[in-house]
Amino acid sequence: MALIRLLQRTPDGDIVFREPTSGRVPAYAILSHTWGENEVVFQDIEPNAGTGKAVSKAGWRKIQFCADQAAADGLQYFWIDTCCIDKRNAVELGAAINSMFRWYQNASCCYVYLSDVSTAKGEGSDSTWKEAFRTSRWFQRGWTLQELLAPKLVEFFSLEGERLGNKLVLEPEIHNIIGIPEKALRGDALSNFSIKERRSWAERRNTTIEEDEAYCLIGIFNVSMALIYGEGRYHAFRRLEEEIHKLYKGIDLEQFDVELNLASLPQAAQFVGRGEELSKMHELLNGHGHSNRLAVVLHGLGGIGKTQLAVEHIRRHKEKHTAIFWLNTNDEDSLRLSFCNIAQQVLKYHPLTGVLSEVDLEGDLNQVVNAVKRWLDLQDNTRWLMVFDNYDNPRTPSSSDRSTVDIRRYLPESDHGSIIITTRSARVTQGQRLHVQKLTGIEDGLKILANMSGREIIENDPDARALVSKLDGLPLALSTAGAYLEHVTTSFAEYLRLYEASWLKLQRTSPTLDSYEDRSLYTTWQVTFDRIRKQNAASAQLLKLWAYFDKQDVWYGLLRHERYTEDECIRKLIEDEISFNEAIRLLCEYGLVHPEPSLEQRSGSAGYGVHSCVHSWTMFVLNGEWDHRLARLALTCVASKVPRTYIDRWWLLQQRLLQHAERHEQFITNGSMNIERMEWASHNLGDFYRNQGRLVEAEAMYSRALQGSEEALGPKHESTLLTVNNLGNLYIDQGRLAEAEVMYIRALQGREEVFGPKHVLTLNTVHNLSLLYANQGKLAEAEAMYDRALQGKEEVHGPKHISTLQTISNLGNLYKKQGKLTKAEAMYDQALQGKEEVLGPKNPSTLRTIRNLGSLYKKQGKLTEAEDMYVRALHGFEEALGPGILQSHLPALGTMFSFGDLLSKTGRKDRAKTMYGRALAGYTAVQGPSSKWCKELEYRLEALQVASVEPNEDQAKSAEVEAPRSGPLKRKHSAVIEDD
């Protein structure tokens, strides 16, 4: 690189040249501009020339601006192309032009001086200069392209020297003006962009001298070439092309140059997105200091787009290779035939190639393979690229399957060249592995759907977006949907309905896709599944079982139980975690299953998921007929995991179960699931939905359980009475107190008859009747029942049992309702002390008692103490659950509600709004925007917003109680129902 000549302003104001000594270049600013008339040139400012002539020129204004701005930025030196190069010296000019990209790249800052953009007063508003900015001549010139891309920091200035913004701030406008990718504007290595793409950036730019159209791209392609002004545009570009090819393919490229056979490449017509993967591939295949052969393994789920990614990489970077060969690696025969095609392709362009010309291409194909490998191994043949596509059946050291392929036999032995391998197996290690995953942006999916269907302007179509969301970034599924919709009038919404109701028939009647050869969505995973089944039958059974769970978050603990013994494979998975891990690992290695560590489950180990399209395939293909055995097993797994509400982290576990419970609730409701003799499971799902505040679904589950238990076991059976009791609990949640009383009396009479008056189940119903009476205003009856329940529980369980402590806490609620605040406080203190000892200080049950104590303090007028309790409870919930799940935990939302009332009462309106808003968002997500708790919170927020006054006592009376974990506003208690 030529030594740069810099300018410096002396203390007395003169601007003079300073040539760095010893090759060390100080920090400097650099100017980018468009040339005009009367520019200051080298001879105007060279030593002994004086400054009179230079100052009199119009171009002096730019030099003065650059000096002033550099000084303002703390820089002594600056460089301007008009006067810092002696253009009379052809050698110096050539060296400068070949070095200029790096000069801009090494500058501390680049100032873009836009002489046709004004910010002068009277010229108009901000939008006026932006319009002038968009049409500035600077964006149309050839030389300014490198001046935009090379520097790390680019600042734009108006004619008056006013700063308009830097490249980062103005990036959206710049991108819209010239179309260069944002990554290039942000400094991504230009080698990451194809030669064709970089050429396109300069297509609409112009230069004063025709040869400069080529010369201004020297730095963009990182090449050097002699300047021959007068040779003409054509010859200048031809020489530039030669230098580019020398850089990428070597000086002797002709000796090994083989034209790309486009017919051998699969189609990838609807390729979109994948910018990060393409950049990573280019980085891995571009060397970056590696001396050995460069290889990339693209692995991932079938249909995810690995082959198309490889094709797109070739399209972008084919100029860098002397030869590109595509090989079919499905099996040994296909691979050997691919080598035969390579030999024919090489001989077509180099018929005298010694190592190939003497081989009989119709004879022993193993000899052909070896001959091609020898040609690839030739010392100077270093710029080839081989793509081994569909290497989905790799041979492993322990494999005895003769159908597997050992790719090592087909890899050249030399330490040069580039290799891409596409495979579904994560076991392939013959290169740097790159996991190709689903498209993450919905916009990319919409582009594929629009291109394949021929339907335009679908970006804002809610049905199209819903369909793309359902297909979840799988290119094969998106292309299949688009191909189906191309020649029919079916709407996006109707296609989605057909997809969910008649998946297999829809896929079988969809057109075949050229870009996926003879594969379709419903067959693409069958070969992989068959290979998995050969290796581990338990893996295959686990995938079949998955159809009856949700697609997301299946973990070993979900399957672990003691009730299943029919299938040997399934039994091993359930009983032995090592066997489960072995089975799931194989599914992960082939991409059919993926770990989900991002869920950060805090109630156990992280789970695994399957893609939504794979999940549909497991249901409609692997389980073409409903498998009642596996379905009942899955229901058993889910229902048996529903935790009691006092168990530590019960809400976290319920959140993990939610999507699986919803799937089985749907199966039960639509009649797919036979729950005969599984009434206990329906009952547990009722408990689950009630604890989630989803009371309609809970009632449906309880009703099914009760009907089944009565028919199969009789009205006095333990299971029947259990459901009767919990149905009464549900009716209290719904405010249906008379119906709840009928259920409780029936449960109490039955349990007293079957178990006796002192049995724990009988006492639980006594406890719940106490709660009901308190809600009905029968406070004396409620107190008598609580006394009976407490005396019995202390006798049966002892004073520190959680059930006893629940009754003590609820007795405190009753005393508070009766106005016996001192006795209520004593009950709360006793319950809190016991729960902290038995359950710990962060257990949700403990935290509910802390919140109730806060409500009591508020009623006593001890507002500081009340606030302390609310804050303690909320911090405890957040620490135990995490901020994400906190917003769906009903006891925590009730605490926010009560705390909001306290903040409102004490005049802290803004904090009250924040707390009410958090509670409203949570209740809306859990119970829906039409729930009465949401309506009440909206009323409170409106009162704060409009009237800016504290709600009156009638409006705020529910602040005196705990917001219930479920149910409408009628439930004015903070008690805990005793579940069985």
# chains A, B, ... in the order shown; residues from 1 in each chain; ligands from 1
$ residues_around --residues "segment 439-449 of chain A" --least-positions-apart "5" --cutoff "12 Å" --atoms "only C-alpha atoms" --output "ChimeraX atom specification"
/A:268-277,303-306,309,454-486,492,611
$ write_last_selection --atoms "C-alpha atoms" --output "PDB file, in the first residue's frame"
ATOM      1  CA  ALA A 268     -34.126 -23.785  -5.223  1.00  0.00           C
ATOM      2  CA  ALA A 269     -36.485 -21.336  -6.812  1.00  0.00           C
ATOM      3  CA  GLN A 270     -38.198 -20.146  -3.619  1.00  0.00           C
ATOM      4  CA  PHE A 271     -35.133 -19.623  -1.490  1.00  0.00           C
ATOM      5  CA  VAL A 272     -35.584 -16.748   0.983  1.00  0.00           C
ATOM      6  CA  GLY A 273     -33.806 -15.474   4.076  1.00  0.00           C
ATOM      7  CA  ARG A 274     -31.035 -17.516   5.700  1.00  0.00           C
ATOM      8  CA  GLY A 275     -28.665 -14.560   5.784  1.00  0.00           C
ATOM      9  CA  GLU A 276     -26.949 -15.678   8.988  1.00  0.00           C
ATOM     10  CA  GLU A 277     -26.466 -19.243   7.776  1.00  0.00           C
ATOM     11  CA  GLY A 303     -37.501 -30.432   4.566  1.00  0.00           C
ATOM     12  CA  ILE A 304     -35.805 -27.665   6.535  1.00  0.00           C
ATOM     13  CA  GLY A 305     -33.901 -26.401   3.474  1.00  0.00           C
ATOM     14  CA  LYS A 306     -30.346 -27.792   3.748  1.00  0.00           C
ATOM     15  CA  LEU A 309     -29.035 -23.515   1.346  1.00  0.00           C
ATOM     16  CA  GLY A 454     -48.893 -16.659  -7.039  1.00  0.00           C
ATOM     17  CA  ARG A 455     -51.010 -14.631  -4.624  1.00  0.00           C
ATOM     18  CA  GLU A 456     -49.739 -11.121  -4.109  1.00  0.00           C
ATOM     19  CA  ILE A 457     -49.921  -8.657  -1.225  1.00  0.00           C
ATOM     20  CA  ILE A 458     -50.547 -11.186   1.526  1.00  0.00           C
ATOM     21  CA  GLU A 459     -48.243  -9.596   4.115  1.00  0.00           C
ATOM     22  CA  ASN A 460     -51.149  -8.148   6.098  1.00  0.00           C
ATOM     23  CA  ASP A 461     -53.625 -10.955   5.476  1.00  0.00           C
ATOM     24  CA  PRO A 462     -54.410 -12.398   8.937  1.00  0.00           C
ATOM     25  CA  ASP A 463     -55.375 -15.797   7.486  1.00  0.00           C
ATOM     26  CA  ALA A 464     -52.121 -16.037   5.541  1.00  0.00           C
ATOM     27  CA  ARG A 465     -50.159 -15.097   8.640  1.00  0.00           C
ATOM     28  CA  ALA A 466     -52.053 -17.716  10.673  1.00  0.00           C
ATOM     29  CA  LEU A 467     -51.227 -20.380   8.087  1.00  0.00           C
ATOM     30  CA  VAL A 468     -47.544 -19.417   7.996  1.00  0.00           C
ATOM     31  CA  SER A 469     -47.453 -19.465  11.784  1.00  0.00           C
ATOM     32  CA  LYS A 470     -48.949 -22.977  11.791  1.00  0.00           C
ATOM     33  CA  LEU A 471     -46.374 -24.237   9.282  1.00  0.00           C
ATOM     34  CA  ASP A 472     -43.730 -22.813  11.610  1.00  0.00           C
ATOM     35  CA  GLY A 473     -40.898 -21.916   9.283  1.00  0.00           C
ATOM     36  CA  LEU A 474     -40.558 -25.278   7.484  1.00  0.00           C
ATOM     37  CA  PRO A 475     -39.778 -24.484   3.810  1.00  0.00           C
ATOM     38  CA  LEU A 476     -41.109 -27.832   2.541  1.00  0.00           C
ATOM     39  CA  ALA A 477     -44.482 -27.291   4.256  1.00  0.00           C
ATOM     40  CA  LEU A 478     -44.712 -23.673   3.080  1.00  0.00           C
ATOM     41  CA  SER A 479     -43.852 -24.620  -0.506  1.00  0.00           C
ATOM     42  CA  THR A 480     -46.345 -27.490  -0.439  1.00  0.00           C
ATOM     43  CA  ALA A 481     -49.117 -25.181   0.763  1.00  0.00           C
ATOM     44  CA  GLY A 482     -48.256 -22.599  -1.889  1.00  0.00           C
ATOM     45  CA  ALA A 483     -48.195 -25.182  -4.674  1.00  0.00           C
ATOM     46  CA  TYR A 484     -51.619 -26.484  -3.601  1.00  0.00           C
ATOM     47  CA  LEU A 485     -53.104 -22.996  -3.517  1.00  0.00           C
ATOM     48  CA  GLU A 486     -51.667 -21.897  -6.871  1.00  0.00           C
ATOM     49  CA  PHE A 492     -55.809 -19.444   3.319  1.00  0.00           C
ATOM     50  CA  HIS A 611     -41.680 -29.342  14.860  1.00  0.00           C
TER      51      HIS A 611
END
$ select_by_dssp --residues "segment 433-494 of chain A" --states "alpha helix (DSSP H)" --output "VMD selection string"
chain A and resid 442 to 453 462 to 471 475 to 486 492 to 494
$ select_by_dssp --residues "segment 547-679 of chain A" --states "strand (DSSP E)" --output "PyMOL selection string"
chain A and resi 594-595+608-609
$ residues_around --residues "Asp364 of chain A" --least-positions-apart "6" --cutoff "12 Å" --atoms "only C-alpha atoms" --output "short mmCIF file (atom, residue, chain, number, x, y, z; two decimals) with C-alpha atoms, in the first residue's frame"
data_model
loop_
_atom_site.label_atom_id
_atom_site.label_comp_id
_atom_site.auth_asym_id
_atom_site.auth_seq_id
_atom_site.Cartn_x
_atom_site.Cartn_y
_atom_site.Cartn_z
CA ASP A 333 -24.48 -46.78 -6.08
CA ARG A 336 -20.38 -43.89 -7.50
CA LEU A 337 -22.53 -42.76 -10.43
CA PHE A 339 -18.26 -39.68 -9.53
CA CYS A 340 -18.72 -41.04 -13.03
CA ASN A 370 -10.24 -43.37 -7.43
CA ALA A 371 -9.30 -41.60 -10.68
#
$ residues_around --residues "Trp143 of chain A" --least-positions-apart "4" --cutoff "12 Å" --atoms "only C-alpha atoms" --output "ChimeraX atom specification"
/A:32-35,81,97,100-101,104,137-139,147-150,201-202,205-209,211-220
$ atom_distance --atom1 "atom CA of Gln146 of chain A" --atom2 "atom CA of Leu247 of chain A"
19.1 Å
$ residues_around --residues "Leu260 of chain A" --least-positions-apart "4" --cutoff "8 Å" --atoms "only C-alpha atoms" --output "ChimeraX atom specification"
/A:323-325
$ write_last_selection --atoms "N, CA and C atoms" --output "short mmCIF file (atom, residue, chain, number, x, y, z; two decimals), in the first residue's frame"
data_model
loop_
_atom_site.label_atom_id
_atom_site.label_comp_id
_atom_site.auth_asym_id
_atom_site.auth_seq_id
_atom_site.Cartn_x
_atom_site.Cartn_y
_atom_site.Cartn_z
N ALA A 323 -14.09 -25.44 -10.10
CA ALA A 323 -15.03 -26.51 -10.44
C ALA A 323 -15.94 -26.77 -9.26
N ILE A 324 -17.21 -27.01 -9.56
CA ILE A 324 -18.21 -27.33 -8.52
C ILE A 324 -18.92 -28.61 -8.95
N PHE A 325 -18.95 -29.59 -8.04
CA PHE A 325 -19.56 -30.88 -8.36
C PHE A 325 -20.62 -31.22 -7.32
#
$ atom_distance --atom1 "atom CA of Leu790 of chain A" --atom2 "atom CA of Val766 of chain A"
9.5 Å
$ atom_distance --atom1 "atom CA of Asp14 of chain A" --atom2 "atom CA of Ile30 of chain A"
18.4 Å
$ residues_around --residues "segment 712-728 of chain A" --least-positions-apart "3" --cutoff "9 Å" --atoms "only C-alpha atoms" --output "ChimeraX atom specification"
/A:676-677,679-680,683,686-687,698-699,702-703,705-709,731-733,736-737,739-748,750-751,753-754,761,764-765,768,978-980
$ write_last_selection --atoms "C-alpha atoms" --output "short mmCIF file (atom, residue, chain, number, x, y, z; two decimals), in the first residue's frame"
data_model
loop_
_atom_site.label_atom_id
_atom_site.label_comp_id
_atom_site.auth_asym_id
_atom_site.auth_seq_id
_atom_site.Cartn_x
_atom_site.Cartn_y
_atom_site.Cartn_z
CA GLU A 676 -63.88 -45.58 30.56
CA ARG A 677 -62.29 -46.64 33.85
CA GLU A 679 -62.56 -41.24 35.61
CA TRP A 680 -59.71 -40.39 37.98
CA HIS A 683 -61.18 -35.66 37.77
CA GLY A 686 -60.86 -30.88 36.49
CA ASP A 687 -58.55 -30.02 39.41
CA ALA A 698 -63.03 -27.69 34.90
CA GLU A 699 -66.80 -28.21 35.23
CA TYR A 702 -65.65 -32.95 36.80
CA SER A 703 -69.06 -33.72 35.28
CA ALA A 705 -65.69 -37.88 36.05
CA LEU A 706 -68.77 -37.85 38.29
CA GLN A 707 -70.99 -39.51 35.71
CA GLY A 708 -68.43 -42.21 35.04
CA SER A 709 -67.74 -42.87 38.72
CA TYR A 731 -69.26 -24.06 42.39
CA ILE A 732 -67.87 -21.78 45.11
CA ASP A 733 -65.34 -20.47 42.61
CA ARG A 736 -72.98 -20.84 42.73
CA LEU A 737 -73.26 -21.19 46.49
CA GLU A 739 -75.27 -25.75 44.30
CA ALA A 740 -72.01 -25.90 46.21
CA GLU A 741 -73.93 -26.54 49.43
CA VAL A 742 -75.78 -29.47 47.83
CA MET A 743 -72.48 -31.01 46.76
CA TYR A 744 -70.81 -30.51 50.15
CA ILE A 745 -73.71 -31.96 52.13
CA ARG A 746 -73.80 -34.98 49.84
CA ALA A 747 -70.03 -35.43 50.19
CA LEU A 748 -70.16 -34.98 53.98
CA GLY A 750 -71.31 -40.01 52.22
CA ARG A 751 -67.89 -39.64 53.85
CA GLU A 753 -71.08 -42.99 56.44
CA VAL A 754 -68.12 -44.56 54.62
CA LEU A 761 -61.53 -36.68 53.91
CA ASN A 764 -61.79 -31.68 54.46
CA THR A 765 -65.46 -31.44 53.53
CA ASN A 768 -65.10 -26.53 52.88
CA GLU A 978 -59.35 -27.96 51.05
CA ASP A 979 -58.83 -30.11 47.95
CA ASP A 980 -58.61 -33.87 48.25
#
$ residues_around --residues "Arg533 of chain A" --least-positions-apart "6" --cutoff "12 Å" --atoms "only C-alpha atoms" --output "ChimeraX atom specification"
/A:526-527,539-544,569,583,586-587,590
